[in-house]
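Take a look at the structure below.
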Amino acid sequence: MIIERLALGEYETNCYVLRSGEDAGDCLVVDAGFGVEALVALLSERKIRPVAVVLTHGHIDHIAGIALLRTKYPEIQVLIHVFDAEMLVNPAANLSGMLGQAFTSAPADVFLQDGDWVEQGGVRLQVLHVPGHSPGGICLYSSDEAVVFTDDALFADSIGRTNFPGGSMNRLVGSVKEKLWVLPDETVVYPGHGPSSTIAREKAQNPFLQ
């Protein structure tokens with residue numbers, strides 16, 4: 001799997017472009033926040049087509065680019081966990097109302113649940129429901145590639161905020177330990193913000209999870 005990361009917008013939300021190989025013409029996108037024009041420029045430069053975008057949760061800094069992607073790529077599919085589906089259509093739920101710039105989008109095309117498989121553009125990822133930052137937060141795991149995209153659930157040396165509506169510190173810590181700590185130690189962690197890490201490193205030294 002080819003993984004390219006862009007830190008988009010003022011919140012530096014990580015957007016990942018995933019391809020099955022260097023010659024692949026299609027790709028899968030993970031998250032698309034503010035500043036998605038940089039993603040469109042990369043796709044154009046690489047001459048690759050995004051067939052789907054998986055939203056790891058529904059907060060505005062992870063979904064703000066959906067409208068532009070749907071305009072540029074009318075056939076793109078949008079996937080989100082069923083518990084965060086409302087956030088695409090409700091500015092209060094996706095927190096954009098708090099910023100004074102209410103954002104809504106058309107509903108998702110596919111509603112995900114724990115244990116589902118995302119198979120798009122030659123990339124195959126398992127959905128792990130890891131709530132706590134948001135009710136429908138998901139991580140995306142590939143055992144073959146030994147990688148996991150950890151949403152805003154798990155960062156290098158930190159975890160996601162839990163003081164937004166639907167957040168819960170106890171639930172986040174519990175779900176991280178239940179769903180992510182069981183992954184092989186060498187699994188590379190690609191979070192929603194900040195640098196990558198590994199499961200082993202976070203188990204050993206993440207101060208929020210000891």
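Scheme for the structure tokens: letters A, B, ... for chains in order shown; per-chain residue numbers from 1; ligand numbers from 1 in order shown.
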
Pull the closest atom pair for each residue of segment 8-71 of chain A that gets at most 10 Å from segment 151-160 of chain A, along with the distance in Å to one decimal, counting only C-alpha atoms, ordering rows by chain and then ascending residue number, as CSV.
residue,atom,partner,partner_atom,distance
A:Thr13,CA,A:Asp152,CA,9.6
A:Asn14,CA,A:Asp151,CA,9.1
A:Val30,CA,A:Asp151,CA,9.2
A:Asp31,CA,A:Asp151,CA,8.8
A:Leu55,CA,A:Asp151,CA,8.7
A:Thr56,CA,A:Asp151,CA,5.4
A:His57,CA,A:Asp151,CA,7.2
A:His59,CA,A:Asp152,CA,10.0
A:His62,CA,A:Asp151,CA,9.3

How about saving the chosen residues, N, CA and C atoms kept, as an mmCIF file, in the first residue's frame?
data_model
loop_
_atom_site.group_PDB
_atom_site.id
_atom_site.type_symbol
_atom_site.label_atom_id
_atom_site.label_comp_id
_atom_site.auth_asym_id
_atom_site.auth_seq_id
_atom_site.Cartn_x
_atom_site.Cartn_y
_atom_site.Cartn_z
ATOM 1 N N THR A 13 -5.386 18.855 9.919
ATOM 2 C CA THR A 13 -6.015 17.544 9.943
ATOM 3 C C THR A 13 -5.339 16.637 8.927
ATOM 4 N N ASN A 14 -4.916 15.478 9.378
ATOM 5 C CA ASN A 14 -4.267 14.544 8.467
ATOM 6 C C ASN A 14 -5.276 13.950 7.489
ATOM 7 N N VAL A 30 -8.745 9.019 3.144
ATOM 8 C CA VAL A 30 -9.206 8.993 4.524
ATOM 9 C C VAL A 30 -9.238 10.427 5.046
ATOM 10 N N ASP A 31 -10.442 10.938 5.287
ATOM 11 C CA ASP A 31 -10.719 12.271 5.818
ATOM 12 C C ASP A 31 -10.390 13.381 4.821
ATOM 13 N N LEU A 55 -14.692 8.877 6.141
ATOM 14 C CA LEU A 55 -14.612 9.872 7.197
ATOM 15 C C LEU A 55 -14.505 9.149 8.529
ATOM 16 N N THR A 56 -13.394 9.374 9.233
ATOM 17 C CA THR A 56 -13.208 8.654 10.487
ATOM 18 C C THR A 56 -14.152 9.142 11.579
ATOM 19 N N HIS A 57 -14.623 10.368 11.459
ATOM 20 C CA HIS A 57 -15.729 10.853 12.285
ATOM 21 C C HIS A 57 -16.270 12.113 11.635
ATOM 22 N N HIS A 59 -16.708 15.462 12.755
ATOM 23 C CA HIS A 59 -16.421 16.846 13.119
ATOM 24 C C HIS A 59 -15.957 17.627 11.898
ATOM 25 N N HIS A 62 -12.753 17.366 9.793
ATOM 26 C CA HIS A 62 -12.509 16.130 9.036
ATOM 27 C C HIS A 62 -13.447 15.976 7.832
#

### Message
Run DSSP on the backbone and tell me which residues of segment 6-174 of chain A come out as alpha helix (DSSP H); list them as a PyMOL selection string.
### Response
chain A and resi 37-46+60-63+66-72+91-94+169-174

Could you save the residues just selected, with N, CA and C atoms, as a CSV table (one decimal), in the first residue's frame?
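Writing the result to again01.csv gives the following:
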chain,number,residue,atom,x,y,z
A,37,GLU,N,-8.2,21.8,-1.1
A,37,GLU,CA,-7.6,22.1,-2.4
A,37,GLU,C,-6.2,21.5,-2.6
A,38,ALA,N,-5.5,21.4,-1.5
A,38,ALA,CA,-4.2,20.8,-1.6
A,38,ALA,C,-4.3,19.3,-1.9
A,39,LEU,N,-5.3,18.6,-1.5
A,39,LEU,CA,-5.6,17.2,-1.9
A,39,LEU,C,-5.9,17.1,-3.3
A,40,VAL,N,-6.8,18.0,-3.8
A,40,VAL,CA,-7.1,18.0,-5.2
A,40,VAL,C,-5.9,18.2,-6.1
A,41,ALA,N,-5.0,19.1,-5.7
A,41,ALA,CA,-3.8,19.4,-6.4
A,41,ALA,C,-2.9,18.1,-6.5
A,42,LEU,N,-2.8,17.4,-5.3
A,42,LEU,CA,-2.0,16.2,-5.3
A,42,LEU,C,-2.6,15.2,-6.2
A,43,LEU,N,-3.9,15.0,-6.2
A,43,LEU,CA,-4.5,14.0,-7.0
A,43,LEU,C,-4.3,14.3,-8.5
A,44,SER,N,-4.4,15.6,-8.8
A,44,SER,CA,-4.2,16.0,-10.2
A,44,SER,C,-2.7,15.7,-10.6
A,45,GLU,N,-1.8,16.1,-9.7
A,45,GLU,CA,-0.4,15.9,-10.0
A,45,GLU,C,0.0,14.4,-10.2
A,46,ARG,N,-0.6,13.5,-9.4
A,46,ARG,CA,-0.4,12.1,-9.5
A,46,ARG,C,-1.2,11.4,-10.6
A,60,ILE,N,-16.2,18.9,11.9
A,60,ILE,CA,-16.0,19.8,10.7
A,60,ILE,C,-14.6,19.7,10.2
A,61,ASP,N,-13.6,19.6,11.0
A,61,ASP,CA,-12.2,19.6,10.6
A,61,ASP,C,-11.9,18.3,9.8
A,62,HIS,N,-12.8,17.4,9.8
A,62,HIS,CA,-12.5,16.1,9.0
A,62,HIS,C,-13.4,16.0,7.8
A,63,ILE,N,-14.5,16.8,7.7
A,63,ILE,CA,-15.5,16.7,6.7
A,63,ILE,C,-15.6,17.9,5.8
A,66,ILE,N,-15.7,17.8,1.8
A,66,ILE,CA,-16.5,16.8,1.1
A,66,ILE,C,-17.3,17.5,-0.1
A,67,ALA,N,-17.8,18.7,0.1
A,67,ALA,CA,-18.5,19.4,-0.9
A,67,ALA,C,-17.7,19.6,-2.2
A,68,LEU,N,-16.4,20.0,-2.0
A,68,LEU,CA,-15.5,20.2,-3.2
A,68,LEU,C,-15.2,18.9,-3.8
A,69,LEU,N,-14.9,17.9,-3.0
A,69,LEU,CA,-14.6,16.6,-3.6
A,69,LEU,C,-15.8,16.0,-4.4
A,70,ARG,N,-17.0,16.2,-3.9
A,70,ARG,CA,-18.1,15.7,-4.7
A,70,ARG,C,-18.3,16.5,-6.0
A,71,THR,N,-18.0,17.8,-6.0
A,71,THR,CA,-18.1,18.6,-7.2
A,71,THR,C,-17.0,18.2,-8.2
A,72,LYS,N,-15.8,18.0,-7.7
A,72,LYS,CA,-14.7,17.7,-8.7
A,72,LYS,C,-14.8,16.2,-9.1
A,91,PRO,N,-25.2,21.2,11.3
A,91,PRO,CA,-24.1,22.1,11.7
A,91,PRO,C,-23.8,22.0,13.3
A,92,ALA,N,-24.9,21.8,14.0
A,92,ALA,CA,-24.7,21.8,15.5
A,92,ALA,C,-23.9,20.5,15.9
A,93,ALA,N,-24.2,19.4,15.2
A,93,ALA,CA,-23.6,18.1,15.5
A,93,ALA,C,-22.1,18.1,15.0
A,94,ASN,N,-21.8,18.7,13.8
A,94,ASN,CA,-20.5,18.6,13.3
A,94,ASN,C,-19.6,19.8,13.8
A,169,MET,N,-14.6,10.4,28.1
A,169,MET,CA,-13.2,10.0,28.4
A,169,MET,C,-13.1,8.5,28.7
A,170,ASN,N,-14.0,8.0,29.6
A,170,ASN,CA,-14.1,6.6,30.0
A,170,ASN,C,-14.3,5.7,28.8
A,171,ARG,N,-15.2,6.2,27.9
A,171,ARG,CA,-15.5,5.3,26.7
A,171,ARG,C,-14.3,5.3,25.7
A,172,LEU,N,-13.7,6.5,25.6
A,172,LEU,CA,-12.5,6.5,24.6
A,172,LEU,C,-11.4,5.7,25.1
A,173,VAL,N,-11.0,5.8,26.4
A,173,VAL,CA,-9.9,5.0,26.9
A,173,VAL,C,-10.3,3.5,26.8
A,174,GLY,N,-11.5,3.2,27.2
A,174,GLY,CA,-11.9,1.8,27.2
A,174,GLY,C,-11.9,1.2,25.8

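Remark: for Pro165 of chain A, the closest of the candidate residues A:Ile48, A:Gly25, A:Glu75, A:Gly136 is A:Gly136 (distances computed over only C-alpha atoms).
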